Structures are given as structure tokens and as C-alpha cells.
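K.L.:
Sharing input-v3.cif, mmCIF, C-alpha atoms:
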data_work
#
loop_
_atom_site.label_atom_id
_atom_site.label_comp_id
_atom_site.auth_asym_id
_atom_site.auth_seq_id
_atom_site.Cartn_x
_atom_site.Cartn_y
_atom_site.Cartn_z
CA MET A 1 0.67 11.92 -3.45
CA ASN A 2 2.37 13.73 -0.62
CA PHE A 3 2.98 12.63 2.94
CA THR A 4 0.14 14.42 4.73
CA ARG A 5 -2.43 13.47 2.07
CA ILE A 6 -1.67 9.77 2.55
CA ILE A 7 -2.11 10.10 6.32
CA ASN A 8 -5.30 12.09 5.82
CA LYS A 9 -6.62 9.42 3.44
CA GLU A 10 -5.80 6.58 5.85
CA PHE A 11 -7.57 8.36 8.71
CA LYS A 12 -10.64 8.92 6.56
CA ILE A 13 -10.74 5.24 5.59
CA ALA A 14 -10.25 4.18 9.23
CA SER A 15 -13.03 6.49 10.39
CA ARG A 16 -15.43 4.57 8.13
CA SER A 17 -14.24 1.10 9.05
CA GLY A 18 -16.32 0.99 12.26
CA TYR A 19 -15.18 -0.83 15.38
CA GLU A 20 -11.90 -2.12 13.87
CA SER A 21 -9.98 0.94 15.09
CA PHE A 22 -10.83 0.07 18.69
CA MET A 23 -9.79 -3.58 18.47
CA PRO A 24 -6.17 -3.08 19.69
CA ILE A 25 -7.43 -1.33 22.84
CA ILE A 26 -10.05 -4.03 23.42
CA TYR A 27 -7.34 -6.71 22.99
CA LEU A 28 -5.16 -4.98 25.57
CA PHE A 29 -8.04 -4.81 28.07
CA ILE A 30 -8.90 -8.47 27.53
CA ILE A 31 -5.28 -9.64 27.94
CA MET A 32 -4.84 -7.59 31.12
CA ILE A 33 -8.12 -8.85 32.62
CA PHE A 34 -7.16 -12.48 31.88
CA PHE A 35 -3.65 -11.93 33.21
CA ASN A 36 -4.94 -10.49 36.47
CA ILE A 37 -7.47 -13.29 36.92
CA SER A 38 -4.82 -15.94 36.29
CA ILE A 39 -2.33 -14.54 38.84
CA SER A 40 -4.84 -13.33 41.42
CA TYR A 41 -3.53 -15.84 43.99
CA VAL A 42 0.04 -14.46 43.75
CA SER A 43 1.21 -11.90 46.32
CA LYS A 44 0.49 -8.23 45.56
CA ASN A 45 4.21 -7.29 45.28
CA ILE A 46 4.85 -9.87 42.56
CA ILE A 47 1.75 -8.73 40.63
CA LEU A 48 2.97 -5.12 40.80
CA GLU A 49 6.36 -6.22 39.49
CA LEU A 50 4.92 -8.31 36.65
CA THR A 51 2.11 -6.00 35.45
CA PRO A 52 4.19 -3.42 33.51
CA LEU A 53 6.18 -6.24 31.88
CA MET A 54 2.97 -8.02 30.96
CA ILE A 55 1.62 -4.81 29.44
CA TRP A 56 4.78 -4.57 27.33
CA VAL A 57 4.43 -8.15 26.11
CA SER A 58 0.73 -7.52 25.33
CA CYS A 59 1.60 -4.43 23.27
CA LEU A 60 4.20 -6.44 21.35
CA LEU A 61 1.66 -9.15 20.54
CA ILE A 62 -0.93 -6.54 19.49
CA CYS A 63 1.71 -4.99 17.20
CA ILE A 64 2.23 -8.38 15.53
CA LEU A 65 -1.50 -9.04 15.24
CA ASN A 66 -2.20 -5.88 13.26
CA LEU A 67 1.01 -5.86 11.19
CA GLU A 68 -0.72 -7.70 8.37
CA THR A 69 -2.93 -4.71 7.64
CA VAL A 70 -0.08 -2.31 6.76
CA PHE A 71 -0.09 -3.13 3.04
CA LYS A 72 -2.74 -5.85 2.70
CA GLU A 73 -5.71 -3.66 1.80
CA ASP A 74 -3.67 -1.71 -0.75
CA PHE A 75 -2.51 -5.00 -2.26
CA ASP A 76 -6.06 -6.38 -2.43
CA ASP A 77 -7.59 -3.31 -4.10
CA GLY A 78 -4.72 -2.67 -6.53
CA THR A 79 -3.55 0.70 -5.17
CA LEU A 80 -0.22 -0.82 -4.15
CA GLU A 81 0.57 -1.83 -7.74
CA GLU A 82 -0.33 1.64 -8.98
CA SER A 83 1.80 3.38 -6.37
CA LEU A 84 4.86 1.35 -7.37
CA VAL A 85 4.53 2.20 -11.07
CA ASP A 86 5.28 5.85 -10.57
CA GLY A 87 9.00 5.80 -9.73
CA THR A 88 8.93 8.92 -7.55
CA ASN A 89 8.51 9.22 -3.77
CA GLN A 90 7.98 5.52 -3.16
CA GLU A 91 9.91 5.62 0.12
CA GLU A 92 7.96 8.68 1.23
CA ASN A 93 4.68 6.88 0.46
CA VAL A 94 5.79 3.81 2.41
CA ILE A 95 6.85 5.81 5.47
CA ALA A 96 3.51 7.67 5.39
CA LYS A 97 1.70 4.31 5.28
CA ILE A 98 3.72 2.96 8.23
CA LEU A 99 3.22 6.15 10.26
CA SER A 100 -0.54 6.21 9.66
CA HIS A 101 -0.76 2.52 10.52
CA TRP A 102 1.16 3.13 13.77
CA LEU A 103 -0.98 6.14 14.66
CA LEU A 104 -4.19 4.19 14.06
CA SER A 105 -3.26 0.79 15.47
CA ASN A 106 -0.50 1.19 18.03
CA PHE A 107 -0.62 4.75 19.30
CA PRO A 108 -4.00 4.26 21.05
CA VAL A 109 -2.42 1.30 22.88
CA VAL A 110 0.59 3.47 23.85
CA ILE A 111 -1.83 6.00 25.37
CA ILE A 112 -4.07 3.48 27.12
CA ALA A 113 -1.33 1.13 28.45
CA PRO A 114 0.03 3.52 31.15
CA LEU A 115 -3.53 4.32 32.24
CA ILE A 116 -4.21 0.59 32.69
CA ALA A 117 -0.95 0.36 34.63
CA ILE A 118 -2.09 3.15 36.98
CA LEU A 119 -5.49 1.44 37.39
CA LEU A 120 -3.69 -1.77 38.38
CA GLY A 121 -1.75 0.03 41.09
CA ILE A 122 1.55 0.81 39.34
CA ASN A 123 3.13 4.09 40.47
CA TYR A 124 3.07 7.17 38.23
CA HIS A 125 6.82 7.22 37.61
CA THR A 126 6.89 3.62 36.30
CA SER A 127 3.78 4.31 34.22
CA ILE A 128 5.44 7.33 32.60
CA ILE A 129 8.53 5.26 31.75
CA LEU A 130 6.22 2.55 30.40
CA PHE A 131 4.63 5.21 28.19
CA PHE A 132 7.98 6.48 26.88
CA SER A 133 9.38 2.99 26.30
CA LEU A 134 6.25 2.08 24.30
CA LEU A 135 6.38 5.42 22.47
CA ILE A 136 9.86 4.55 21.19
CA GLY A 137 9.44 0.77 21.03
CA THR A 138 6.16 0.39 19.12
CA PRO A 139 7.14 2.53 16.08
CA THR A 140 10.41 0.56 15.92
CA MET A 141 8.36 -2.64 15.89
CA SER A 142 6.09 -1.17 13.21
CA LEU A 143 9.06 -0.22 11.02
CA LEU A 144 10.69 -3.62 11.42
CA GLY A 145 7.41 -5.50 11.03
CA SER A 146 6.52 -3.56 7.88
CA ILE A 147 9.47 -5.15 6.09
CA ALA A 148 8.08 -8.61 6.93
CA ALA A 149 4.55 -7.43 6.00
CA ALA A 150 5.86 -6.22 2.63
CA LEU A 151 7.67 -9.50 2.00
CA THR A 152 4.58 -11.60 2.74
CA VAL A 153 1.85 -9.31 1.36
CA SER A 154 1.04 -11.52 -1.61
CA LEU A 155 0.62 -14.68 0.50
CA LYS A 156 -2.93 -15.62 1.47
CA ARG A 157 -2.18 -16.83 4.98
CA ASN A 158 0.77 -14.68 5.89
CA LYS A 159 0.12 -14.06 9.60
CA ILE A 160 2.02 -17.07 10.95
CA LEU A 161 4.96 -16.63 8.59
CA MET A 162 5.14 -12.95 9.46
CA SER A 163 5.14 -13.72 13.19
CA VAL A 164 7.93 -16.24 12.70
CA ILE A 165 9.99 -13.64 10.82
CA VAL A 166 9.48 -10.74 13.21
CA LEU A 167 9.33 -12.36 16.68
CA PRO A 168 13.09 -13.09 16.96
CA LEU A 169 13.85 -9.59 15.68
CA TYR A 170 11.58 -8.04 18.33
CA VAL A 171 13.57 -9.64 21.17
CA PRO A 172 16.11 -6.76 21.59
CA ILE A 173 13.29 -4.19 21.64
CA LEU A 174 11.41 -6.28 24.20
CA ILE A 175 14.52 -6.69 26.38
CA PHE A 176 15.33 -2.96 26.38
CA GLY A 177 11.69 -1.96 26.84
CA THR A 178 10.97 -4.28 29.73
CA SER A 179 14.26 -3.59 31.48
CA ALA A 180 13.67 0.17 31.26
CA VAL A 181 10.26 -0.29 32.91
CA ASN A 182 11.63 -2.76 35.46
CA ASN A 183 14.53 -0.45 36.34
CA ALA A 184 12.09 2.42 36.82
CA HIS A 185 9.97 0.20 39.07
CA VAL A 186 12.89 -0.78 41.31
CA GLY A 187 14.31 2.76 41.20
CA ILE A 188 17.56 2.34 39.27
CA ASN A 189 18.89 4.00 36.08
CA TYR A 190 16.81 3.31 32.96
CA HIS A 191 18.19 5.97 30.59
CA SER A 192 20.64 3.72 28.75
CA GLU A 193 17.84 1.32 27.79
CA LEU A 194 15.76 4.17 26.39
CA TYR A 195 18.79 5.50 24.48
CA PHE A 196 19.39 2.09 22.94
CA MET A 197 15.75 1.92 21.92
CA GLY A 198 16.09 5.37 20.37
CA ILE A 199 19.12 4.22 18.37
CA LEU A 200 17.22 1.14 17.17
CA PHE A 201 14.32 3.37 16.12
CA LEU A 202 16.58 5.68 14.10
CA LEU A 203 18.34 2.71 12.53
CA PHE A 204 15.08 1.14 11.33
CA LEU A 205 13.72 4.53 10.28
CA LEU A 206 16.65 4.69 7.87
CA ILE A 207 16.45 1.09 6.67
CA ALA A 208 12.72 0.27 6.62
CA PRO A 209 11.40 2.54 3.80
CA THR A 210 13.94 1.36 1.22
CA ALA A 211 13.69 -2.25 2.41
CA CYS A 212 9.88 -2.12 2.22
CA VAL A 213 9.90 -0.75 -1.34
CA LYS A 214 12.30 -3.51 -2.45
CA ALA A 215 10.27 -6.16 -0.60
CA LEU A 216 6.99 -4.95 -2.12
CA LYS A 217 8.51 -5.10 -5.60
CA ILE A 218 9.65 -8.67 -4.94
CA SER A 219 6.19 -9.61 -3.63
CA LEU A 220 4.39 -8.11 -6.62
CA ASP A 221 6.73 -9.67 -9.19
CA MET B 1 7.27 9.75 -35.60
CA ASP B 2 8.79 10.28 -32.16
CA LYS B 3 9.61 6.94 -30.60
CA LEU B 4 8.79 6.52 -26.91
CA LEU B 5 10.24 3.11 -26.21
CA GLU B 6 11.20 -0.09 -27.94
CA VAL B 7 10.71 -3.62 -26.70
CA LYS B 8 13.20 -6.12 -28.13
CA ASN B 9 12.93 -9.90 -27.95
CA LEU B 10 11.15 -9.81 -24.61
CA SER B 11 10.52 -13.17 -22.94
CA LEU B 12 8.98 -14.21 -19.67
CA THR B 13 9.40 -17.60 -18.01
CA ARG B 14 7.75 -18.62 -14.74
CA ASN B 15 8.54 -21.93 -13.01
CA ASN B 16 10.16 -23.29 -16.19
CA TYR B 17 7.01 -22.43 -18.15
CA CYS B 18 7.40 -19.98 -21.02
CA ILE B 19 4.55 -17.45 -20.80
CA PHE B 20 5.64 -15.54 -23.91
CA SER B 21 8.79 -15.13 -25.94
CA ASN B 22 10.29 -12.80 -28.55
CA VAL B 23 7.87 -9.93 -28.12
CA ASN B 24 8.95 -6.94 -30.21
CA LEU B 25 7.14 -3.61 -29.94
CA ASN B 26 7.76 -0.02 -30.94
CA ILE B 27 5.72 2.42 -28.93
CA GLN B 28 5.52 5.87 -30.49
CA LYS B 29 4.10 9.14 -29.23
CA GLY B 30 0.38 9.44 -29.88
CA GLN B 31 0.00 5.75 -30.63
CA LEU B 32 -2.22 3.10 -29.08
CA ILE B 33 -1.00 -0.47 -28.92
CA ASN B 34 -3.70 -3.06 -28.41
CA ILE B 35 -2.23 -6.30 -27.11
CA TYR B 36 -4.71 -9.06 -27.71
CA GLY B 37 -4.72 -12.79 -27.30
CA LYS B 38 -6.35 -15.69 -25.57
CA ASN B 39 -6.49 -16.23 -21.80
CA GLY B 40 -3.10 -17.01 -20.28
CA SER B 41 -1.14 -15.69 -23.26
CA GLY B 42 0.71 -13.20 -21.03
CA LYS B 43 -1.06 -9.93 -21.86
CA THR B 44 -1.23 -8.77 -18.24
CA SER B 45 2.33 -9.91 -17.56
CA LEU B 46 3.61 -7.92 -20.55
CA LEU B 47 1.74 -4.85 -19.32
CA LYS B 48 3.21 -5.31 -15.85
CA ILE B 49 6.70 -5.54 -17.33
CA LEU B 50 6.15 -2.28 -19.22
CA ALA B 51 4.86 -0.73 -15.99
CA GLY B 52 7.99 -1.88 -14.14
CA ILE B 53 6.08 -4.08 -11.69
CA THR B 54 7.35 -7.40 -13.04
CA GLU B 55 10.86 -8.28 -14.24
CA HIS B 56 11.26 -9.93 -17.63
CA THR B 57 13.45 -13.00 -18.15
CA HIS B 58 15.14 -12.09 -21.46
CA GLY B 59 15.19 -9.20 -23.89
CA GLU B 60 15.35 -5.47 -23.31
CA ILE B 61 13.24 -2.33 -23.06
CA ILE B 62 14.98 0.64 -24.68
CA TYR B 63 13.85 4.17 -23.89
CA ARG B 64 14.33 6.58 -26.80
CA ASN B 65 14.97 10.29 -27.39
CA SER B 66 14.41 12.63 -24.47
CA TYR B 67 12.48 10.03 -22.52
CA ASN B 68 14.12 7.95 -19.87
CA LYS B 69 13.02 5.01 -17.83
CA PHE B 70 11.48 7.39 -15.27
CA LEU B 71 8.91 8.65 -17.75
CA LYS B 72 5.53 9.32 -16.21
CA LYS B 73 3.39 6.22 -16.52
CA ASN B 74 -0.17 5.62 -15.38
CA TYR B 75 -1.24 2.05 -14.81
CA VAL B 76 -4.54 0.33 -14.09
CA GLY B 77 -4.44 -3.40 -13.57
CA HIS B 78 -7.13 -6.02 -13.12
CA LYS B 79 -7.96 -4.56 -9.74
CA HIS B 80 -9.46 -1.09 -9.87
CA GLY B 81 -7.04 0.66 -7.54
CA ILE B 82 -9.76 2.50 -5.68
CA LYS B 83 -10.79 2.49 -2.02
CA ASN B 84 -14.16 1.00 -1.12
CA ASN B 85 -14.62 3.16 1.97
CA LEU B 86 -14.05 6.43 0.13
CA THR B 87 -16.57 8.23 -2.04
CA THR B 88 -16.09 8.61 -5.80
CA TYR B 89 -15.01 12.24 -5.32
CA GLU B 90 -12.58 11.36 -2.50
CA ASN B 91 -10.98 8.60 -4.57
CA LEU B 92 -10.41 11.07 -7.39
CA TYR B 93 -9.26 13.80 -4.99
CA TYR B 94 -6.54 11.60 -3.48
CA SER B 95 -5.35 10.47 -6.90
CA ILE B 96 -4.48 13.94 -8.21
CA GLU B 97 -1.42 15.97 -7.30
CA PRO B 98 -1.94 18.49 -4.45
CA HIS B 99 -1.27 21.45 -6.77
CA ASP B 100 -3.76 20.27 -9.44
CA ASP B 101 -6.98 22.20 -10.01
CA PHE B 102 -10.00 20.46 -8.44
CA GLN B 103 -12.01 21.42 -11.52
CA ILE B 104 -10.46 18.43 -13.34
CA ILE B 105 -12.29 16.13 -10.93
CA LEU B 106 -15.64 17.72 -11.76
CA ASP B 107 -14.82 17.63 -15.48
CA ALA B 108 -13.96 13.92 -15.26
CA LEU B 109 -17.18 13.21 -13.35
CA LYS B 110 -19.17 14.99 -16.06
CA THR B 111 -17.34 13.24 -18.89
CA TYR B 112 -17.94 9.80 -17.39
CA LYS B 113 -21.51 10.74 -16.36
CA MET B 114 -20.85 10.01 -12.70
CA VAL B 115 -21.84 13.38 -11.17
CA ASN B 116 -24.83 11.79 -9.43
CA TYR B 117 -22.54 9.28 -7.75
CA LYS B 118 -20.02 11.89 -6.62
CA ASN B 119 -20.75 11.36 -2.94
CA SER B 120 -21.49 7.63 -3.07
CA LEU B 121 -19.12 5.23 -1.37
CA VAL B 122 -17.33 3.18 -4.01
CA LYS B 123 -18.37 -0.08 -2.31
CA ASN B 124 -21.99 0.82 -3.13
CA LEU B 125 -21.29 1.26 -6.85
CA SER B 126 -21.67 -1.44 -9.48
CA HIS B 127 -18.61 -3.13 -10.99
CA GLY B 128 -18.97 -1.07 -14.18
CA GLN B 129 -19.25 2.17 -12.25
CA GLN B 130 -16.15 1.26 -10.24
CA LYS B 131 -14.35 0.68 -13.55
CA ARG B 132 -15.38 4.17 -14.66
CA VAL B 133 -13.89 5.63 -11.46
CA SER B 134 -10.60 3.81 -12.04
CA LEU B 135 -10.45 5.02 -15.67
CA MET B 136 -11.27 8.58 -14.58
CA LYS B 137 -8.48 8.36 -12.03
CA ILE B 138 -5.75 7.59 -14.53
CA ILE B 139 -7.00 9.86 -17.27
CA MET B 140 -7.10 12.87 -14.90
CA ASN B 141 -3.40 12.47 -14.22
CA LYS B 142 -1.46 13.45 -17.31
CA ALA B 143 1.23 10.97 -18.31
CA CYS B 144 3.42 10.04 -21.29
CA LEU B 145 2.33 6.42 -21.25
CA TYR B 146 -0.97 4.92 -20.12
CA LEU B 147 -1.02 1.19 -19.41
CA ILE B 148 -4.51 -0.21 -18.99
CA ASP B 149 -5.39 -3.85 -18.47
CA GLU B 150 -8.66 -4.75 -20.23
CA PRO B 151 -10.25 -1.30 -20.16
CA TYR B 152 -13.43 -2.51 -21.87
CA SER B 153 -14.26 -5.23 -19.35
CA SER B 154 -17.33 -4.38 -17.21
CA LEU B 155 -18.05 -1.21 -19.21
CA ASP B 156 -21.44 -0.72 -20.86
CA GLU B 157 -21.83 0.71 -24.37
CA ASP B 158 -21.90 4.27 -23.11
CA GLY B 159 -18.81 3.68 -20.96
CA VAL B 160 -16.96 2.26 -23.97
CA MET B 161 -17.85 5.33 -26.03
CA VAL B 162 -16.64 7.72 -23.31
CA PHE B 163 -13.41 5.77 -22.89
CA ASN B 164 -12.76 5.80 -26.65
CA LYS B 165 -13.45 9.55 -26.81
CA THR B 166 -11.18 10.48 -23.89
CA THR B 167 -8.46 8.15 -25.17
CA SER B 168 -8.61 9.71 -28.66
CA GLU B 169 -8.27 13.17 -27.08
CA LEU B 170 -5.22 12.10 -25.09
CA LEU B 171 -3.67 10.39 -28.14
CA SER B 172 -4.02 13.63 -30.07
CA THR B 173 -2.02 15.43 -27.37
CA GLY B 174 0.87 12.99 -27.90
CA ALA B 175 0.23 10.54 -25.07
CA SER B 176 0.69 6.83 -25.80
CA PHE B 177 -1.47 3.93 -24.69
CA VAL B 178 -0.83 0.25 -24.27
CA ILE B 179 -4.00 -1.67 -23.54
CA THR B 180 -4.84 -5.36 -23.37
CA ASN B 181 -7.93 -6.89 -24.86
CA HIS B 182 -9.31 -10.23 -26.01
CA THR B 183 -9.94 -9.09 -29.59
CA LYS B 184 -8.62 -6.77 -32.28
CA ILE B 185 -9.80 -3.15 -32.26
CA ASN B 186 -10.72 -1.77 -35.66
CA ASN B 187 -11.99 1.61 -36.89
CA VAL B 188 -11.91 3.29 -33.51
CA PHE B 189 -8.56 5.06 -33.24
CA THR B 190 -6.51 6.57 -36.05
CA ASN B 191 -3.08 5.56 -34.82
CA ILE B 192 -3.47 2.04 -33.52
CA ILE B 193 -1.44 -1.15 -33.73
CA ASN B 194 -3.03 -4.48 -32.89
CA TYR B 195 -0.40 -6.85 -31.51
CA LYS B 196 -1.26 -10.52 -31.06
CA ILE B 197 0.57 -12.24 -28.23
#
How does this structure look as C-alpha cells?
P.N.:
Amino acid sequence: MNFTRIINKEFKIASRSGYESFMPIIYLFIIMIFFNISISYVSKNIILELTPLMIWVSCLLICILNLETVFKEDFDDGTLEESLVDGTNQEENVIAKILSHWLLSNFPVVIIAPLIAILLGINYHTSIILFFSLLIGTPTMSLLGSIAAALTVSLKRNKILMSVIVLPLYVPILIFGTSAVNNAHVGINYHSELYFMGILFLLFLLIAPTACVKALKISLD
Amino acid sequence: MDKLLEVKNLSLTRNNYCIFSNVNLNIQKGQLINIYGKNGSGKTSLLKILAGITEHTHGEIIYRNSYNKFLKKNYVGHKHGIKNNLTTYENLYYSIEPHDDFQIILDALKTYKMVNYKNSLVKNLSHGQQKRVSLMKIIMNKACLYLIDEPYSSLDEDGVMVFNKTTSELLSTGASFVITNHTKINNVFTNIINYKI
């Protein structure tokens, strides 16, 4: 099966899965509402400083929450086994799966997050940098997390183990992402952080497909 | 006869428990191998090894003649390998190659008498009908070797007849089959080997 057909198939399945596609956005709204209620007594300047960082942390947690679904359904219905039998294009299939998962689960959050930031009083410039940092950061997290998802796909309760595996590895992405947004907020240079995130993205784009195929084979063995 | 692959002294051990040992098989073109045995004898594991999903502990799999280890294999395991939220037609559509003629989907639907369920979501089909969809899926895609885990389970009499007919047609074109089953198969296929594990 080729790249675009896999993405097309995933979108068709998602379109029939009901409200599940909107869950990441709902999570983000809930976290931001709770966050604002809990720090409502803090001065306005501190809230403005913390909000974009909190949005970043929320997006990271949402990424972890939905990581499990990258390969789980395919594993449960047997399509994963079948796709690994045919020795051709396995990496291409995996990258198409990760991309469609990111487009369906994380991209809506990347779009909505800067809008929430603007609603909460963050300036446009910081919101745009927040958007770009999430646009580079979330696919990197998806690529990295997919390796952990592949390794734990055959385990029944894999969410906690997966979080334990990926959380320490997400720290550099979180540091670069939040400092880019913070630098934009205080008006200093943020380009180097975004470049570093871009390098991390390219690095995992090279590593993740092969690593995922190997990990899936180990999990299915 | 043209040999496809040879299995020599194959053994599988899991957690210090021997699942099977010294399995020897010769799979030839146009031949069906029926691996039968009791529950837990390792039929599915052997099929998975042949499919390249599971690694064996000892022994070797030798690919013969012009074939190599990348020969086109189609595999259906215990799970059906179909998507519940797609219709029968969509499941078949996504299983074929982009350049394939869509007519093969309609032909398969007719052969397996599933035309009326073409636009039904797979989750609304019975277990037997889902099995038919999974069998249609692998038979539509031409391969050198078909590996099917318990093809007769969940199928009604009519389904069994259709499966036997389509399998015989593929065997006559030179394709090979390895299937698992609980019993011997007699008087159905001309070139069949029953292998007890």
C-alpha cells in the first residue's frame, strides 16, 4: 500500500470514530481552564509569562496520552502482522502511520493552542512562535514516541511504561520549545532554539521508521 | 516439481518450554501443506515463522531456485486483519495495489457471495462474514505463498466450498499454500500434504 493510501485510509477510519478525534482539543481546553482557575490569584504579568509555557506542557502531555493509539488498533485487528509479512516498504508504511496519527491527534492541538494563547491575552508574536515551536516539536515527539509505542504495543497496560520511556527523552524538546516561546515573549533571540528543534526533528525522522519496524518485529515475536 | 522452500529441523522454544522440534517440510509450487495437530502444538507459531513474524530457535529455512527470502507472501492469522470502521468494499480496496484493476474486488465479492454486504461496515458483519472478507483480501492479492491460520474456522458449508474452489484455482496456477487445521484434509485438493505437528 502506498503512502497516500494509508493516510487516506486512516482519515476515513477517524471520520467514523465519532468524538474521539476531538478529544485532544477538549483536553487542551480543560487543562487551560483548570490552570487559569488555579492561578487566578497570581498577578496578571506572571500569568502572561506562564500561559505559553503551560500550553507547551499541556501539548506534550496530550502527545503522550494519545501515543498508545499509533499502532494499537492495527495490532488488535491483525493488520499490523499482515503488513510486516510483506518485506517491502515497511518503513514507508510506518512513516505514513505516524504522519496520519500526528495529523489527526496533534495537528489540531497545534492549530488551536496559539488561538487559546491569544484568547488568554498573549501577544500575536509570541503566539506565532508558540505555533511554530509546536509545529516542529510535536512531530518530533510523535516520531520519538512511536518507537516506544512500537516496543510496548503487545502489552495490555502499556500507557504507564510508555510514559516512563518517553518522558525523559522529551525533556530536550520541551526545553527548546519553551525557551523559544519564552524568548519571544521577553523579546530576545529565539531562532537557535527553533533550529535545534528542527535538527532533532530531522534526526528522528531518519531514525524512527527503521527503529519502529525493528521494535514492532520484536513486539510481535 | 519446482521446490519453493525447505524447512530443516526447525525448533521453537519459549521460556524453556519446547513448543515443537525437528519440523521438516518441503514446500513445492502448486502444493498445499495442511499442518494439523492438537491445541498448543505450535501450528500458529510455525506459520508465523514461515511468514517471518516470529524467529525460530533452531533449524533453517532454505529458499530454493529462483525464489529468495523476499518472495511474495500473503498471511492471515487468527485475527482477521480487517478494519471494523470500514465497509467490506473499502477493506478490499485498501488491500489491493494502487495499480490493480478494481474489477478484482467485484469478482471476489461475487465469488464469496458478499455483494449484498459490499457497503456494510465490517463491525456489523457476523464472524463468518468477516472471515470471508479476510480470505477475499488475501486471495485477491497474487502471491507465491499463502499462509492461512485455520481458514475453515467460522466458515459455513458454503464458505468452505468457496474457499476450497478458489484455493484449487490458485494451486493450479502454481501458488503454494500452508494452512493450519485441527484435522487431516482428504479428497479435497489434488496436491496436498497433511503434516502432523
K.L.:
Where does the PyMOL selection byres ((chain A) within 8 of (chain B)) land in this file, that is, which residues does it pick, as number ranges by chain?
P.N.:
A: 1-2, 5-6, 9, 12-13, 16-17, 74, 76-82, 84-87, 217, 220-221
K.L.:
Might you spell out which residues the PyMOL selection byres ((chain B and resi 15-20) around 9) would select in the displayed file, as a list of chain:residue names?
P.N.:
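Going through the file, the PyMOL selection byres ((chain B and resi 15-20) around 9) ends up selecting B:Leu10, B:Ser11, B:Leu12, B:Thr13, B:Arg14, B:Ser21, B:Asn22, B:Val23, B:Gly40, B:Ser41, B:Gly42, B:Lys43, B:Ser45, B:Leu46, B:Ile197.
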K.L.:
Give me the result of the PyMOL selection byres ((chain A and resi 58) around 10) on this file, residue by residue, as a count of residues only.
P.N.:
21
K.L.:
List as number ranges by chain the residues having at least one atom at most 7 Å from position (3.1, 0.1, 38.0) as given in the file, counting only C-alpha atoms.
P.N.:
A: 48, 51-52, 117-118, 121-123, 126-127, 185
K.L.:
Generate the output file for the selected residues, C-alpha atoms, as a PDB file, in the coordinates of the input.
P.N.:
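Wrote selection39.pdb, looks like this:
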ATOM      1  CA  LEU A  48       2.970  -5.120  40.800  1.00  0.00           C
ATOM      2  CA  THR A  51       2.110  -6.000  35.450  1.00  0.00           C
ATOM      3  CA  PRO A  52       4.190  -3.420  33.510  1.00  0.00           C
ATOM      4  CA  ALA A 117      -0.950   0.360  34.630  1.00  0.00           C
ATOM      5  CA  ILE A 118      -2.090   3.150  36.980  1.00  0.00           C
ATOM      6  CA  GLY A 121      -1.750   0.030  41.090  1.00  0.00           C
ATOM      7  CA  ILE A 122       1.550   0.810  39.340  1.00  0.00           C
ATOM      8  CA  ASN A 123       3.130   4.090  40.470  1.00  0.00           C
ATOM      9  CA  THR A 126       6.890   3.620  36.300  1.00  0.00           C
ATOM     10  CA  SER A 127       3.780   4.310  34.220  1.00  0.00           C
ATOM     11  CA  HIS A 185       9.970   0.200  39.070  1.00  0.00           C
TER      12      HIS A 185
END
K.L.:
Report as JSON the centre and the edge lengths, in Å to one decimal, of the axis-aligned box holding every listed atom of range 92-100 of chain A, padded by 3 Å on each side.
P.N.:
{"center_x": 3.7, "center_y": 5.8, "center_z": 5.4, "size_x": 14.5, "size_y": 11.7, "size_z": 15.8}
K.L.:
Residues near Leu206 in chain A, anyone? I mean within 12 Å using only C-alpha atoms, not counting same-chain ones fewer than 2 positions away, as a PyMOL selection string.
P.N.:
chain A and resi 91-92+95+140+143-144+199-204+208-212
K.L.:
Nearest residue to Phe35 in chain A out of A:Leu135, A:Ile47, A:Phe75, A:Ser83, using only C-alpha atoms?
P.N.:
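The closest residue to Phe35 in chain A is A:Ile47.
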K.L.:
Write out as a PyMOL selection string which residues come within 8 Å of Leu47 in chain B when counting all atoms listed in the file, dropping same-chain ones fewer than 4 positions away.
P.N.:
chain B and resi 43+51+147-149+178-180
K.L.:
Could you dump the residues just selected with C-alpha atoms as a PDB file, in the coordinates of the input?
P.N.:
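See selection_37.pdb below for the written result:
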ATOM      1  CA  LYS B  43      -1.060  -9.930 -21.860  1.00  0.00           C
ATOM      2  CA  ALA B  51       4.860  -0.730 -15.990  1.00  0.00           C
ATOM      3  CA  LEU B 147      -1.020   1.190 -19.410  1.00  0.00           C
ATOM      4  CA  ILE B 148      -4.510  -0.210 -18.990  1.00  0.00           C
ATOM      5  CA  ASP B 149      -5.390  -3.850 -18.470  1.00  0.00           C
ATOM      6  CA  VAL B 178      -0.830   0.250 -24.270  1.00  0.00           C
ATOM      7  CA  ILE B 179      -4.000  -1.670 -23.540  1.00  0.00           C
ATOM      8  CA  THR B 180      -4.840  -5.360 -23.370  1.00  0.00           C
TER       9      THR B 180
END
K.L.:
Which residue gives the smallest distance to Ile218 in chain A among A:Thr152, A:Ile116, A:Pro139, A:Val94, with only C-alpha atoms counted?
P.N.:
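With only C-alpha atoms as the atom set, the closest residue is A:Thr152.
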K.L.:
Could you rebuild range 148-159 of chain A with N, CA and C atoms and give me the result as a CSV table (one decimal), in the coordinates of the input?
P.N.:
chain,number,residue,atom,x,y,z
A,148,ALA,N,8.6,-7.2,7.0
A,148,ALA,CA,8.1,-8.6,6.9
A,148,ALA,C,6.7,-8.6,6.3
A,149,ALA,N,5.9,-7.5,6.6
A,149,ALA,CA,4.6,-7.4,6.0
A,149,ALA,C,4.7,-7.2,4.5
A,150,ALA,N,5.7,-6.5,4.1
A,150,ALA,CA,5.9,-6.2,2.6
A,150,ALA,C,6.3,-7.5,1.9
A,151,LEU,N,7.2,-8.3,2.6
A,151,LEU,CA,7.7,-9.5,2.0
A,151,LEU,C,6.6,-10.6,1.8
A,152,THR,N,5.6,-10.5,2.7
A,152,THR,CA,4.6,-11.6,2.7
A,152,THR,C,3.2,-11.1,2.2
A,153,VAL,N,3.2,-9.9,1.7
A,153,VAL,CA,1.8,-9.3,1.4
A,153,VAL,C,1.1,-10.1,0.3
A,154,SER,N,1.8,-10.8,-0.6
A,154,SER,CA,1.0,-11.5,-1.6
A,154,SER,C,0.6,-12.9,-1.2
A,155,LEU,N,1.0,-13.4,0.0
A,155,LEU,CA,0.6,-14.7,0.5
A,155,LEU,C,-0.8,-14.6,1.2
A,156,LYS,N,-1.6,-15.7,0.9
A,156,LYS,CA,-2.9,-15.6,1.5
A,156,LYS,C,-3.0,-15.7,3.0
A,157,ARG,N,-2.2,-16.7,3.5
A,157,ARG,CA,-2.2,-16.8,5.0
A,157,ARG,C,-0.8,-16.4,5.5
A,158,ASN,N,-0.6,-15.1,5.6
A,158,ASN,CA,0.8,-14.7,5.9
A,158,ASN,C,1.0,-14.4,7.4
A,159,LYS,N,0.0,-14.5,8.2
A,159,LYS,CA,0.1,-14.1,9.6
A,159,LYS,C,1.2,-14.9,10.4
